[in-house]
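> Below is structure-v3.txt; it holds compact mmCIF, C-alpha atoms and all ligand atoms.
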```txt
# COMPACT_ATOMS: atom_id res chain seq x y z
CA MET A 163 -96.31 -102.03 276.72
CA THR A 164 -97.87 -102.25 273.27
CA LYS A 165 -95.61 -101.40 270.33
CA ARG A 166 -97.24 -98.44 268.53
CA LEU A 167 -96.93 -99.07 264.80
CA PHE A 168 -98.90 -95.92 263.94
CA GLU A 169 -96.15 -93.79 265.47
CA GLU A 170 -93.49 -95.21 263.15
CA ASN A 171 -95.66 -95.27 260.06
CA ALA A 172 -99.03 -93.55 259.94
CA TYR A 173 -99.89 -95.27 256.63
CA ILE A 174 -100.20 -98.89 257.87
CA LYS A 175 -103.67 -100.01 256.82
CA GLU A 176 -103.23 -103.71 257.59
CA PHE A 177 -100.89 -105.55 259.99
CA THR A 178 -100.33 -108.89 261.68
CA ALA A 179 -99.92 -109.17 265.45
CA THR A 180 -100.18 -111.67 268.30
CA VAL A 181 -102.98 -111.62 270.87
CA ILE A 182 -101.31 -111.45 274.27
CA ASP A 183 -104.43 -110.90 276.39
CA CYS A 184 -108.21 -110.99 276.02
CA GLN A 185 -110.56 -110.30 278.94
CA PRO A 186 -114.36 -109.87 279.14
CA ALA A 187 -115.38 -106.26 279.81
CA GLU A 188 -118.52 -104.13 280.05
CA HIS A 189 -118.98 -103.65 276.30
CA GLY A 190 -117.45 -106.87 274.92
CA PHE A 191 -113.83 -107.96 275.26
CA LEU A 192 -110.60 -106.05 275.80
CA VAL A 193 -107.92 -107.39 273.46
CA VAL A 194 -104.21 -106.61 273.93
CA LEU A 195 -101.78 -107.22 271.04
CA ASN A 196 -97.97 -107.22 271.06
CA GLU A 197 -98.11 -104.38 268.51
CA THR A 198 -100.87 -102.40 266.83
CA ALA A 199 -101.60 -99.84 264.11
CA PHE A 200 -104.90 -98.89 265.80
CA PHE A 201 -104.61 -95.34 267.17
CA PRO A 202 -106.21 -95.07 270.64
CA GLU A 203 -108.41 -92.09 271.48
CA GLY A 204 -106.24 -89.13 272.49
CA GLY A 205 -105.02 -85.63 271.69
CA GLY A 206 -108.48 -84.56 270.51
CA GLN A 207 -108.71 -87.42 268.01
CA ALA A 208 -111.16 -90.36 268.22
CA ALA A 209 -110.03 -93.99 268.32
CA ASP A 210 -109.53 -95.85 265.05
CA GLY A 211 -112.18 -98.29 263.87
CA GLY A 212 -111.55 -101.45 261.87
CA THR A 213 -111.37 -105.22 262.42
CA LEU A 214 -109.18 -107.86 264.08
CA ASN A 215 -109.57 -111.17 262.17
CA GLY A 216 -112.85 -109.81 260.82
CA VAL A 217 -114.21 -108.92 264.28
CA ALA A 218 -115.18 -105.24 264.56
CA VAL A 219 -113.05 -103.06 266.83
CA THR A 220 -115.48 -100.63 268.50
CA ASP A 221 -113.05 -98.71 270.73
CA VAL A 222 -109.32 -98.35 271.35
CA GLN A 223 -107.92 -96.91 274.57
CA MET A 224 -104.42 -96.67 276.03
CA LYS A 225 -103.70 -97.08 279.76
CA GLU A 226 -100.14 -97.03 281.07
CA ASP A 227 -98.65 -97.72 277.63
CA VAL A 228 -100.93 -100.73 277.02
CA ILE A 229 -103.44 -100.42 274.16
CA TYR A 230 -106.83 -102.10 274.65
CA HIS A 231 -109.00 -102.94 271.61
CA THR A 232 -112.69 -103.47 272.38
CA THR A 233 -114.28 -106.32 270.34
CA ALA A 234 -117.74 -107.93 270.43
CA THR A 235 -116.37 -111.49 270.46
CA PRO A 236 -113.24 -112.86 272.17
CA LEU A 237 -109.94 -113.62 270.38
CA THR A 238 -107.66 -116.50 271.37
CA ILE A 239 -104.56 -115.63 273.40
CA GLY A 240 -101.41 -116.59 271.48
CA GLU A 241 -103.24 -116.45 268.14
CA GLN A 242 -101.91 -114.41 265.19
CA VAL A 243 -104.51 -111.92 263.99
CA VAL A 244 -104.80 -109.61 261.00
CA GLY A 245 -105.73 -106.05 261.91
CA VAL A 246 -107.40 -103.85 259.29
CA ILE A 247 -107.82 -100.12 259.92
CA ASP A 248 -110.92 -98.26 258.68
CA TRP A 249 -108.62 -96.30 256.38
CA GLN A 250 -111.12 -93.88 254.88
CA THR A 251 -111.99 -92.46 258.30
CA ARG A 252 -108.41 -92.57 259.58
CA PHE A 253 -107.00 -90.74 256.54
CA ALA A 254 -109.70 -88.04 256.83
CA ARG A 255 -108.67 -87.60 260.47
CA MET A 256 -104.97 -87.40 259.50
CA GLN A 257 -105.84 -84.67 256.99
CA SER A 258 -107.91 -82.76 259.57
CA HIS A 259 -105.40 -83.16 262.37
CA THR A 260 -102.49 -82.00 260.22
CA ALA A 261 -104.58 -79.04 258.99
CA GLU A 262 -105.18 -78.08 262.60
CA HIS A 263 -101.41 -78.12 263.31
CA LEU A 264 -100.82 -75.96 260.25
CA VAL A 265 -103.51 -73.40 261.13
CA SER A 266 -102.38 -73.31 264.78
CA GLY A 267 -98.74 -72.88 263.72
CA ILE A 268 -99.69 -70.00 261.42
CA VAL A 269 -101.86 -68.30 264.08
CA TYR A 270 -98.96 -68.60 266.54
CA ARG A 271 -96.41 -67.28 264.06
CA GLU A 272 -98.56 -64.39 262.74
CA PHE A 273 -100.37 -63.31 265.93
CA GLY A 274 -98.57 -65.02 268.84
CA PHE A 275 -101.75 -66.74 270.10
CA SER A 276 -101.39 -70.26 271.52
CA ASN A 277 -103.82 -73.07 270.79
CA MET A 278 -105.65 -73.75 274.07
CA GLY A 279 -108.00 -76.54 272.96
CA PHE A 280 -108.81 -78.79 270.04
CA HIS A 281 -111.84 -80.88 269.18
CA MET A 282 -112.43 -83.01 266.10
CA SER A 283 -115.85 -84.30 265.00
CA ASP A 284 -116.42 -86.60 262.01
CA THR A 285 -116.70 -83.68 259.59
CA THR A 286 -115.33 -80.52 261.21
CA MET A 287 -112.95 -79.46 263.99
CA THR A 288 -112.52 -76.53 266.32
CA ALA A 289 -109.37 -74.93 267.70
CA ASP A 290 -109.40 -72.40 270.54
CA PHE A 291 -106.86 -69.57 270.40
CA ALA A 292 -105.80 -67.35 273.31
CA GLY A 293 -106.45 -64.04 271.56
CA VAL A 294 -108.99 -62.16 269.48
CA LEU A 295 -108.88 -62.79 265.72
CA THR A 296 -110.73 -60.54 263.27
CA ALA A 297 -112.38 -61.55 259.98
CA GLU A 298 -109.35 -60.13 258.19
CA ASP A 299 -106.98 -62.20 260.37
CA ILE A 300 -109.02 -65.33 259.68
CA ALA A 301 -108.92 -64.74 255.91
CA LYS A 302 -105.14 -64.28 256.10
CA VAL A 303 -104.70 -67.51 258.11
CA GLU A 304 -106.87 -69.45 255.65
CA THR A 305 -104.88 -68.15 252.66
CA LEU A 306 -101.52 -68.91 254.29
CA ALA A 307 -102.65 -72.41 255.33
CA ASN A 308 -103.76 -73.26 251.79
CA THR A 309 -100.54 -71.80 250.40
CA ALA A 310 -98.63 -74.22 252.65
CA VAL A 311 -100.72 -77.02 251.10
CA TYR A 312 -99.72 -75.93 247.56
CA GLU A 313 -96.06 -75.83 248.65
CA ASN A 314 -96.39 -79.53 249.60
CA VAL A 315 -93.75 -79.30 252.34
CA ALA A 316 -92.62 -82.33 254.35
CA ILE A 317 -94.00 -83.22 257.76
CA THR A 318 -91.49 -85.01 259.98
CA VAL A 319 -91.65 -86.71 263.37
CA GLU A 320 -88.86 -87.00 265.96
CA VAL A 321 -88.79 -88.06 269.60
CA LEU A 322 -86.58 -85.86 271.77
CA SER A 323 -85.49 -85.77 275.44
CA GLY A 324 -83.08 -83.86 277.62
CA ASP A 325 -80.89 -81.09 276.19
CA SER A 326 -81.93 -81.58 272.57
CA LEU A 327 -85.55 -81.14 273.66
CA LYS A 328 -84.70 -78.07 275.74
CA ALA A 329 -82.98 -76.49 272.75
CA LYS A 330 -86.06 -76.98 270.60
CA GLU A 331 -88.89 -74.45 270.24
CA TYR A 332 -92.26 -76.18 269.98
CA ARG A 333 -95.92 -75.72 270.82
CA SER A 334 -97.32 -77.89 273.61
CA LYS A 335 -100.35 -77.78 275.91
CA LEU A 336 -98.52 -79.85 278.53
CA ASP A 337 -95.27 -79.42 280.39
CA LEU A 338 -93.27 -82.29 278.93
CA ASP A 339 -89.64 -83.20 279.58
CA THR A 340 -88.84 -86.65 278.24
CA ASP A 341 -89.47 -88.67 275.07
CA VAL A 342 -91.53 -85.91 273.52
CA ARG A 343 -92.87 -86.72 270.06
CA LEU A 344 -92.53 -83.59 267.94
CA VAL A 345 -94.37 -83.16 264.67
CA THR A 346 -92.74 -80.56 262.40
CA ILE A 347 -94.35 -78.98 259.35
CA THR A 348 -91.30 -77.61 257.55
CA GLY A 349 -91.25 -73.83 257.79
CA TYR A 350 -94.60 -73.61 259.54
CA ASP A 351 -94.91 -75.42 262.85
CA CYS A 352 -93.42 -77.69 265.47
CA CYS A 353 -95.82 -79.23 267.97
CA ALA A 354 -95.79 -82.04 270.53
CA CYS A 355 -98.38 -84.61 269.42
CA CYS A 356 -99.03 -88.36 269.68
CA ALA A 357 -101.43 -88.73 266.73
CA PRO A 358 -100.83 -89.88 263.14
CA HIS A 359 -100.38 -87.11 260.55
CA VAL A 360 -99.89 -87.04 256.77
CA ASN A 361 -96.33 -86.98 255.36
CA ARG A 362 -96.62 -83.86 253.17
CA THR A 363 -98.93 -80.84 253.34
CA GLY A 364 -100.22 -81.52 249.80
CA GLU A 365 -102.08 -84.56 251.16
CA ILE A 366 -104.21 -82.34 253.42
CA GLY A 367 -106.20 -80.97 250.48
CA ALA A 368 -108.24 -77.79 250.86
CA ILE A 369 -108.50 -76.11 254.26
CA LYS A 370 -111.64 -74.04 254.82
CA ILE A 371 -112.38 -71.98 257.91
CA LEU A 372 -116.14 -72.22 258.47
CA GLY A 373 -116.54 -69.72 261.27
CA PHE A 374 -114.97 -68.03 264.28
CA TYR A 375 -116.56 -67.06 267.59
CA PRO A 376 -115.52 -65.30 270.81
CA ASN A 377 -114.52 -67.93 273.37
CA LYS A 378 -113.19 -67.33 276.92
CA GLY A 379 -111.53 -64.07 275.95
CA GLY A 380 -110.03 -65.67 272.84
CA THR A 381 -111.35 -67.08 269.58
CA ARG A 382 -112.79 -70.47 268.67
CA VAL A 383 -112.16 -71.30 265.02
CA GLU A 384 -114.23 -73.94 263.24
CA MET A 385 -112.74 -75.50 260.12
CA THR A 386 -112.77 -78.45 257.79
CA ALA A 387 -110.12 -80.00 255.55
CA GLY A 388 -109.37 -82.69 252.97
CA VAL A 389 -112.13 -85.14 252.06
CA ASN A 390 -114.44 -83.44 254.57
CA ALA A 391 -113.89 -80.08 252.85
CA LEU A 392 -114.69 -81.68 249.49
CA GLN A 393 -117.88 -83.23 250.91
CA ASP A 394 -118.85 -79.85 252.32
CA TYR A 395 -118.21 -78.16 248.96
CA ARG A 396 -120.29 -80.82 247.17
CA PHE A 397 -123.15 -80.31 249.60
CA LEU A 398 -123.06 -76.51 249.29
CA HIS A 399 -122.71 -76.67 245.51
CA ASP A 400 -125.70 -79.03 245.15
CA GLN A 401 -127.72 -76.87 247.51
CA ASN A 402 -126.85 -73.73 245.56
CA LYS A 403 -127.72 -75.44 242.29
CA SER A 404 -131.15 -76.45 243.53
CA LEU A 405 -131.73 -72.91 244.88
CA MET A 406 -130.72 -71.46 241.50
CA GLY A 407 -133.37 -73.67 239.88
CA LEU A 408 -136.09 -72.83 242.42
CA LEU A 409 -135.39 -69.11 242.23
CA SER A 410 -134.47 -68.95 238.53
CA ALA A 411 -131.45 -66.98 239.71
CA LYS A 412 -127.83 -66.89 238.61
CA ARG A 413 -125.29 -68.43 240.99
CA GLU A 414 -124.04 -65.07 242.29
CA ARG A 415 -127.56 -63.68 242.77
CA VAL A 416 -129.06 -66.39 245.00
CA GLY A 417 -128.57 -64.44 248.25
CA GLU A 418 -129.94 -61.21 246.78
CA THR A 419 -132.99 -63.03 245.36
CA VAL A 420 -133.76 -64.73 248.69
CA ALA A 421 -133.47 -61.36 250.51
CA HIS A 422 -135.92 -59.84 248.01
CA LEU A 423 -138.34 -62.78 248.48
CA ALA A 424 -138.15 -62.47 252.28
CA GLU A 425 -138.98 -58.74 252.04
CA THR A 426 -141.93 -59.45 249.72
CA LEU A 427 -143.19 -62.18 252.06
CA LYS A 428 -143.02 -59.85 255.06
CA ASN A 429 -145.02 -57.16 253.22
CA THR A 430 -147.58 -59.71 252.00
CA GLN A 431 -148.02 -61.10 255.51
CA ASN A 432 -148.62 -57.59 256.86
CA GLU A 433 -151.20 -56.90 254.13
CA LEU A 434 -152.89 -60.24 254.81
CA ARG A 435 -153.09 -59.48 258.52
CA LEU A 436 -154.68 -56.09 257.86
CA LEU A 437 -157.19 -57.65 255.46
CA GLN A 438 -158.03 -60.39 257.98
CA GLN A 439 -158.63 -57.74 260.62
CA LYS A 440 -160.90 -55.79 258.25
CA LEU A 441 -162.78 -58.97 257.38
CA ALA A 442 -163.21 -59.83 261.04
CA LEU A 443 -164.61 -56.36 261.75
CA ALA A 444 -166.97 -56.54 258.78
CA SER A 445 -168.39 -59.91 259.79
CA MET A 446 -168.53 -59.31 263.54
CA GLU A 447 -171.81 -60.37 265.19
CA THR A 448 -172.52 -58.79 268.60
CA VAL A 449 -174.64 -60.05 271.51
CA GLU A 450 -175.44 -57.99 274.61
CA ALA A 451 -175.28 -59.63 278.04
CA GLY A 452 -175.89 -57.00 280.69
CA GLU A 453 -172.81 -54.84 281.07
CA ILE A 454 -170.91 -57.26 278.86
CA LEU A 455 -170.89 -56.82 275.13
CA CYS A 456 -169.67 -59.89 273.34
CA ALA A 457 -168.94 -60.41 269.69
CA PHE A 458 -168.25 -63.40 267.45
CA VAL A 459 -165.99 -63.20 264.42
CA PRO A 460 -165.02 -65.99 262.00
CA ASN A 461 -161.39 -67.08 261.42
CA ALA A 462 -159.54 -64.52 263.50
CA ALA A 463 -156.29 -64.91 265.43
CA TYR A 464 -155.52 -63.01 268.64
CA ASP A 465 -154.37 -59.86 266.81
CA GLY A 466 -157.62 -59.82 264.77
CA LEU A 467 -159.65 -60.25 267.97
CA GLN A 468 -157.70 -57.38 269.55
CA SER A 469 -158.62 -55.08 266.65
CA CYS A 470 -162.27 -56.05 267.04
CA VAL A 471 -162.40 -55.62 270.80
CA ASN A 472 -160.99 -52.09 270.42
CA THR A 473 -163.93 -51.07 268.19
CA LEU A 474 -166.56 -52.09 270.76
CA SER A 475 -167.96 -49.82 273.43
CA ALA A 476 -169.18 -51.31 276.73
CA PRO A 477 -167.92 -51.64 280.35
CA ILE A 478 -166.63 -55.15 279.51
CA ARG A 479 -166.05 -56.38 275.94
CA LEU A 480 -165.42 -59.95 274.85
CA VAL A 481 -164.68 -61.19 271.35
CA PHE A 482 -164.63 -64.87 270.33
CA SER A 483 -163.51 -66.73 267.25
CA GLN A 484 -164.10 -70.42 266.64
CA THR A 485 -161.17 -72.71 265.76
CA ASP A 486 -161.00 -76.42 264.98
CA ASP A 487 -160.53 -77.28 268.62
CA GLY A 488 -162.43 -74.60 270.53
CA TRP A 489 -162.72 -70.83 270.81
CA LEU A 490 -160.10 -68.08 271.07
CA TYR A 491 -161.16 -65.11 273.14
CA VAL A 492 -159.97 -61.63 273.98
CA ALA A 493 -161.47 -59.53 276.78
CA ALA A 494 -161.01 -55.81 277.46
CA SER A 495 -162.30 -53.22 279.90
CA GLU A 496 -161.33 -49.65 280.69
CA ALA A 497 -163.04 -49.32 284.08
CA GLY A 498 -163.86 -52.87 285.25
CA ASP A 499 -161.99 -56.12 285.74
CA VAL A 500 -162.15 -58.83 283.04
CA ARG A 501 -160.55 -61.54 285.19
CA PRO A 502 -163.70 -62.84 287.03
CA ILE A 503 -165.61 -63.43 283.76
CA ILE A 504 -162.53 -65.02 282.14
CA GLN A 505 -162.24 -67.38 285.11
CA LYS A 506 -165.94 -68.30 284.84
CA LEU A 507 -165.62 -69.04 281.12
CA ASN A 508 -162.46 -71.09 281.65
CA THR A 509 -164.07 -73.13 284.44
CA ALA A 510 -167.31 -73.76 282.53
CA PHE A 511 -165.75 -74.56 279.13
CA GLY A 512 -162.37 -76.15 279.89
CA GLY A 513 -160.43 -73.02 279.04
CA ARG A 514 -157.03 -71.60 279.84
CA GLY A 515 -155.74 -68.07 279.78
CA GLY A 516 -155.96 -64.90 281.83
CA GLY A 517 -154.51 -61.45 282.01
CA LYS A 518 -154.63 -58.11 283.75
CA PRO A 519 -157.78 -56.29 285.01
CA ASN A 520 -158.18 -54.34 281.74
CA TYR A 521 -157.09 -57.03 279.25
CA GLY A 522 -157.05 -60.80 278.96
CA GLN A 523 -156.96 -63.55 276.36
CA GLY A 524 -157.19 -67.31 276.22
CA LYS A 525 -158.78 -70.33 274.66
CA LEU A 526 -161.87 -72.43 275.48
CA ALA A 527 -162.40 -76.08 274.61
CA VAL A 528 -165.07 -77.06 272.03
CA CYS A 529 -168.47 -75.84 273.29
CA ASP A 530 -171.79 -74.43 272.10
CA LYS A 531 -172.01 -70.74 271.34
CA ALA A 532 -175.54 -70.68 272.89
CA ASP A 533 -174.12 -72.08 276.18
CA MET A 534 -171.45 -69.38 276.24
CA VAL A 535 -174.00 -66.62 275.63
CA ALA A 536 -176.30 -68.09 278.31
CA LEU A 537 -173.46 -68.11 280.85
CA LEU A 538 -172.62 -64.49 280.05
CA GLN A 539 -176.27 -63.39 280.20
CA ASN A 540 -176.82 -65.12 283.55
CA ASN A 541 -173.61 -63.69 284.96
ZN ZN B 601 -101.35 -83.70 266.07
```
Would you mind giving the structure from this file in structure tokens?
Ligand SMILES: [Zn+2]


Amino acid sequence: MTKRLFEENAYIKEFTATVIDCQPAEHGFLVVLNETAFFPEGGGQAADGGTLNGVAVTDVQMKEDVIYHTTATPLTIGEQVVGVIDWQTRFARMQSHTAEHLVSGIVYREFGFSNMGFHMSDTTMTADFAGVLTAEDIAKVETLANTAVYENVAITVEVLSGDSLKAKEYRSKLDLDTDVRLVTITGYDCCACCAPHVNRTGEIGAIKILGFYPNKGGTRVEMTAGVNALQDYRFLHDQNKSLMGLLSAKRERVGETVAHLAETLKNTQNELRLLQQKLALASMETVEAGEILCAFVPNAAYDGLQSCVNTLSAPIRLVFSQTDDGWLYVAASEAGDVRPIIQKLNTAFGGRGGGKPNYGQGKLAVCDKADMVALLQNN
């Protein structure tokens, strides 16, 4: 069994321990120490990173009370080593994890919904609650959670078993009965948890709920806290500042200005499309090929070709427009079937596309206009 220093003191950044085992494994070596401050992956939290005598620790896992540190190079059994925890990452995780306890405790107290799942990424985390939360509920939870931060209340840890455990009310996802580690946020929450947390709520920093979504009949809440919340605020602030510059808009009018721009763009695009269709019609050049009337227009997309084909009158109408890499075409017929001629064109000029008897569209590879006309005339 490895002595778990992080359970007694979550603030150990550096420690000395003895290597009691080191075995080659799939991704390096598995090192066992007599005691460690490296938190192994568990309870929704990733394993700590850091070094052992300067050698990077790439993973930490616990099996049957033994903690295995994965290293790239072996360490000598019996040797004393200095372990250094990647403190910046670990502290951010302690802030996030404690924020999650606080939010879950508040949701339970205010609405009676249990936390059914928890996931922590490097910058955000999600908690799944067994009930539907509204936008108003979420705002209330966020305000209460941040109020608890301002109150800077103590967070304590105790390990209970037997009757004293039975007498205790606490949140837990598992049915536990012995040596249960309880993390209490004074006045807010008591929860069974194995991970390191901060000592007072003030250390969490800001807690921001980023979103909430329906999830398995309940609600998934996405949030960020502490240094991650500050990073997020910095990013959003910088982004807003650059948008203010680009739009020449005041901070509170960025959204309104973008909405106005989007509306203007939509109208301009519609006008442009109408003008392109008019231009295509005005510059259309027609060629007769038996019962087929075909037309060529410059720089038209499918919708422009559709407008053109609707102005023509013949049993079968075809309109083409040249592009950088071939020809777009649209075919239409009221009485006949456009599919045989489309197939012929596709076969002769490396095309693809098709449609129904009275309408079809597609694209041909690069080819000569004269060859296309000849094929249609000899059809
Ligand atoms: Zn926890």

> Give me, as a PyMOL selection string, the set of residues whose atoms come within 8 Å of any atom of ligand ZN 601 (chain B), counting all atoms listed in the file.

chain A and resi 205+259-260+262-263+345+353-359

> Counting all atoms listed in the file, what is within 8 Å of Leu409 (chain A), bar same-chain residues fewer than 6 positions away, as a PDB file with C-alpha atoms, in the coordinates of the input?


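For reference, selection_21.pdb as written:
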```pdb
ATOM      1  CA  VAL A 416    -129.060 -66.390 245.000  1.00  0.00           C
ATOM      2  CA  THR A 419    -132.990 -63.030 245.360  1.00  0.00           C
ATOM      3  CA  VAL A 420    -133.760 -64.730 248.690  1.00  0.00           C
TER       4      VAL A 420
END
```

> Counting all atoms listed in the file, select every polymer residue within 12 Å of (-169.5, -79.0, 273.2) as defined in the file's coordinates, and provide the selection as a PDB file with C-alpha atoms, in the coordinates of the input.


```pdb
ATOM      1  CA  ASP A 487    -160.530 -77.280 268.620  1.00  0.00           C
ATOM      2  CA  GLY A 488    -162.430 -74.600 270.530  1.00  0.00           C
ATOM      3  CA  TRP A 489    -162.720 -70.830 270.810  1.00  0.00           C
ATOM      4  CA  ALA A 510    -167.310 -73.760 282.530  1.00  0.00           C
ATOM      5  CA  PHE A 511    -165.750 -74.560 279.130  1.00  0.00           C
ATOM      6  CA  GLY A 512    -162.370 -76.150 279.890  1.00  0.00           C
ATOM      7  CA  LEU A 526    -161.870 -72.430 275.480  1.00  0.00           C
ATOM      8  CA  ALA A 527    -162.400 -76.080 274.610  1.00  0.00           C
ATOM      9  CA  VAL A 528    -165.070 -77.060 272.030  1.00  0.00           C
ATOM     10  CA  CYS A 529    -168.470 -75.840 273.290  1.00  0.00           C
ATOM     11  CA  ASP A 530    -171.790 -74.430 272.100  1.00  0.00           C
ATOM     12  CA  LYS A 531    -172.010 -70.740 271.340  1.00  0.00           C
ATOM     13  CA  ALA A 532    -175.540 -70.680 272.890  1.00  0.00           C
ATOM     14  CA  ASP A 533    -174.120 -72.080 276.180  1.00  0.00           C
ATOM     15  CA  MET A 534    -171.450 -69.380 276.240  1.00  0.00           C
TER      16      MET A 534
END
```

> Would you compute the distance between CA of Ala310 (chain A) and CA of Tyr350 (chain A)? Give it in Å to one decimal.

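It comes out at 8.0 Å.
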
> Pick from A:Leu237, A:Ala292, A:Leu537, A:Ala451: nearest to Gly279 (chain A), with only C-alpha atoms counted?

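Looking only at the distances to Gly279 (chain A), the closest residue turns out to be A:Ala292.
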
> Do you have the CA of Ala261 (chain A)-CA of Ile366 (chain A) distance handy?

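Distance between the two atoms: 6.5 Å.
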
> What does the distance from CA of Ala209 (chain A) to CA of Ala316 (chain A) come to in Å, to one decimal?

25.2 Å

> From the set A:Asn308, A:Thr288, A:Asn277, A:Thr473, which residue has the shortest atom-to-atom contact distance to Gly380 (chain A), counting all atoms listed in the file?

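Of A:Asn308, A:Thr288, A:Asn277, A:Thr473, the one nearest Gly380 (chain A) is A:Asn277, counting all atoms listed in the file.
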
> Taking only C-alpha atoms into account, which of A:Glu188, A:Asp183, A:Glu169, A:Asp299 comes nearest Phe201 (chain A)?

A:Glu169

> Please provide the set of residues having any atom within 8 Å of Lys175 (chain A), restricted to only C-alpha atoms, with same-chain residues fewer than 4 positions apart removed, written as a compact mmCIF listing (two decimals) with C-alpha atoms, keeping the file's coordinate frame.


```txt
# COMPACT_ATOMS: atom_id res chain seq x y z
CA ALA A 199 -101.60 -99.84 264.11
CA VAL A 246 -107.40 -103.85 259.29
CA ILE A 247 -107.82 -100.12 259.92
CA ASP A 248 -110.92 -98.26 258.68
CA TRP A 249 -108.62 -96.30 256.38
```

> With only C-alpha atoms as the counted atoms, please give the residues lying no more than 8 Å from Val321 (chain A), apart from itself and same-chain residues fewer than 5 positions off, as a PDB file with C-alpha atoms, in the coordinates of the input.


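Result went into out_29.pdb, see below:
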```pdb
ATOM      1  CA  ASP A 341     -89.470 -88.670 275.070  1.00  0.00           C
ATOM      2  CA  VAL A 342     -91.530 -85.910 273.520  1.00  0.00           C
ATOM      3  CA  ARG A 343     -92.870 -86.720 270.060  1.00  0.00           C
ATOM      4  CA  LEU A 344     -92.530 -83.590 267.940  1.00  0.00           C
TER       5      LEU A 344
END
```

> Could you list as a list in words every residue that has an atom within 10 Å of (-90.1, -73.9, 254.5), using the file's coordinates and counting only C-alpha atoms?

Ala310, Glu313, Asn314, Val315, Ala316, Ile347, Thr348, Gly349, Tyr350 and Asp351 of chain A

> Check the smallest atom-to-atom distance from each of A:Ile454, A:Asn472, A:Thr198, A:Val181 to Asn541 (chain A) using only C-alpha atoms, then report the winner.

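When distances to Asn541 (chain A) are compared using only C-alpha atoms, the smallest one comes from A:Ile454.
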
> Just want the 7 Å neighbourhood of region 461-464 of chain A, counted on all atoms listed in the file, with same-chain residues fewer than 3 positions away dropped. Output as a PyMOL selection string.

chain A and resi 442+467-468+483-484

> Which residue out of A:Ile229, A:Phe200, A:Thr305, A:Leu474 has the minimum interatomic distance to Ile174 (chain A) when all atoms listed in the file are used?

A:Phe200

> Can you work out which one of A:Met282, A:Ala329, A:Ala254, A:Ala457 has the shortest atom-to-atom distance to Gln393 (chain A), counting all atoms listed in the file?

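Closest candidate: A:Ala254.
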
> Would you list the contacts of Leu295 (chain A) as a PyMOL selection string, taking every protein, DNA or RNA residue within 12 Å and counting only C-alpha atoms, but skipping same-chain residues closer than 4 positions in sequence?

chain A and resi 269-270+272-275+290-291+299-303+373-377+379-383

> Please write the residues from the selection above to a file, keeping C-alpha atoms, as an mmCIF file, in the coordinates of the input.


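The new file out-v9.cif reads:
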```
data_model
loop_
_atom_site.group_PDB
_atom_site.id
_atom_site.type_symbol
_atom_site.label_atom_id
_atom_site.label_comp_id
_atom_site.auth_asym_id
_atom_site.auth_seq_id
_atom_site.Cartn_x
_atom_site.Cartn_y
_atom_site.Cartn_z
ATOM 1 C CA VAL A 269 -101.860 -68.300 264.080
ATOM 2 C CA TYR A 270 -98.960 -68.600 266.540
ATOM 3 C CA GLU A 272 -98.560 -64.390 262.740
ATOM 4 C CA PHE A 273 -100.370 -63.310 265.930
ATOM 5 C CA GLY A 274 -98.570 -65.020 268.840
ATOM 6 C CA PHE A 275 -101.750 -66.740 270.100
ATOM 7 C CA ASP A 290 -109.400 -72.400 270.540
ATOM 8 C CA PHE A 291 -106.860 -69.570 270.400
ATOM 9 C CA ASP A 299 -106.980 -62.200 260.370
ATOM 10 C CA ILE A 300 -109.020 -65.330 259.680
ATOM 11 C CA ALA A 301 -108.920 -64.740 255.910
ATOM 12 C CA LYS A 302 -105.140 -64.280 256.100
ATOM 13 C CA VAL A 303 -104.700 -67.510 258.110
ATOM 14 C CA GLY A 373 -116.540 -69.720 261.270
ATOM 15 C CA PHE A 374 -114.970 -68.030 264.280
ATOM 16 C CA TYR A 375 -116.560 -67.060 267.590
ATOM 17 C CA PRO A 376 -115.520 -65.300 270.810
ATOM 18 C CA ASN A 377 -114.520 -67.930 273.370
ATOM 19 C CA GLY A 379 -111.530 -64.070 275.950
ATOM 20 C CA GLY A 380 -110.030 -65.670 272.840
ATOM 21 C CA THR A 381 -111.350 -67.080 269.580
ATOM 22 C CA ARG A 382 -112.790 -70.470 268.670
ATOM 23 C CA VAL A 383 -112.160 -71.300 265.020
#
```

> Could you model N, CA and C atoms for region 430-435 of chain A and present them as a PDB file, keeping the file's coordinate frame?


```
ATOM      1  N   THR A 430    -146.337 -58.985 252.302  1.00  0.00           N
ATOM      2  CA  THR A 430    -147.580 -59.710 252.000  1.00  0.00           C
ATOM      3  C   THR A 430    -148.253 -60.170 253.284  1.00  0.00           C
ATOM      4  N   GLN A 431    -147.447 -60.650 254.238  1.00  0.00           N
ATOM      5  CA  GLN A 431    -148.020 -61.100 255.510  1.00  0.00           C
ATOM      6  C   GLN A 431    -148.667 -59.941 256.254  1.00  0.00           C
ATOM      7  N   ASN A 432    -148.026 -58.777 256.209  1.00  0.00           N
ATOM      8  CA  ASN A 432    -148.620 -57.590 256.860  1.00  0.00           C
ATOM      9  C   ASN A 432    -149.946 -57.216 256.208  1.00  0.00           C
ATOM     10  N   GLU A 433    -149.968 -57.230 254.864  1.00  0.00           N
ATOM     11  CA  GLU A 433    -151.200 -56.900 254.130  1.00  0.00           C
ATOM     12  C   GLU A 433    -152.297 -57.894 254.465  1.00  0.00           C
ATOM     13  N   LEU A 434    -151.912 -59.180 254.504  1.00  0.00           N
ATOM     14  CA  LEU A 434    -152.890 -60.240 254.810  1.00  0.00           C
ATOM     15  C   LEU A 434    -153.479 -60.030 256.198  1.00  0.00           C
ATOM     16  N   ARG A 435    -152.611 -59.682 257.145  1.00  0.00           N
ATOM     17  CA  ARG A 435    -153.090 -59.480 258.520  1.00  0.00           C
ATOM     18  C   ARG A 435    -154.081 -58.324 258.576  1.00  0.00           C
TER      19      ARG A 435
END
```
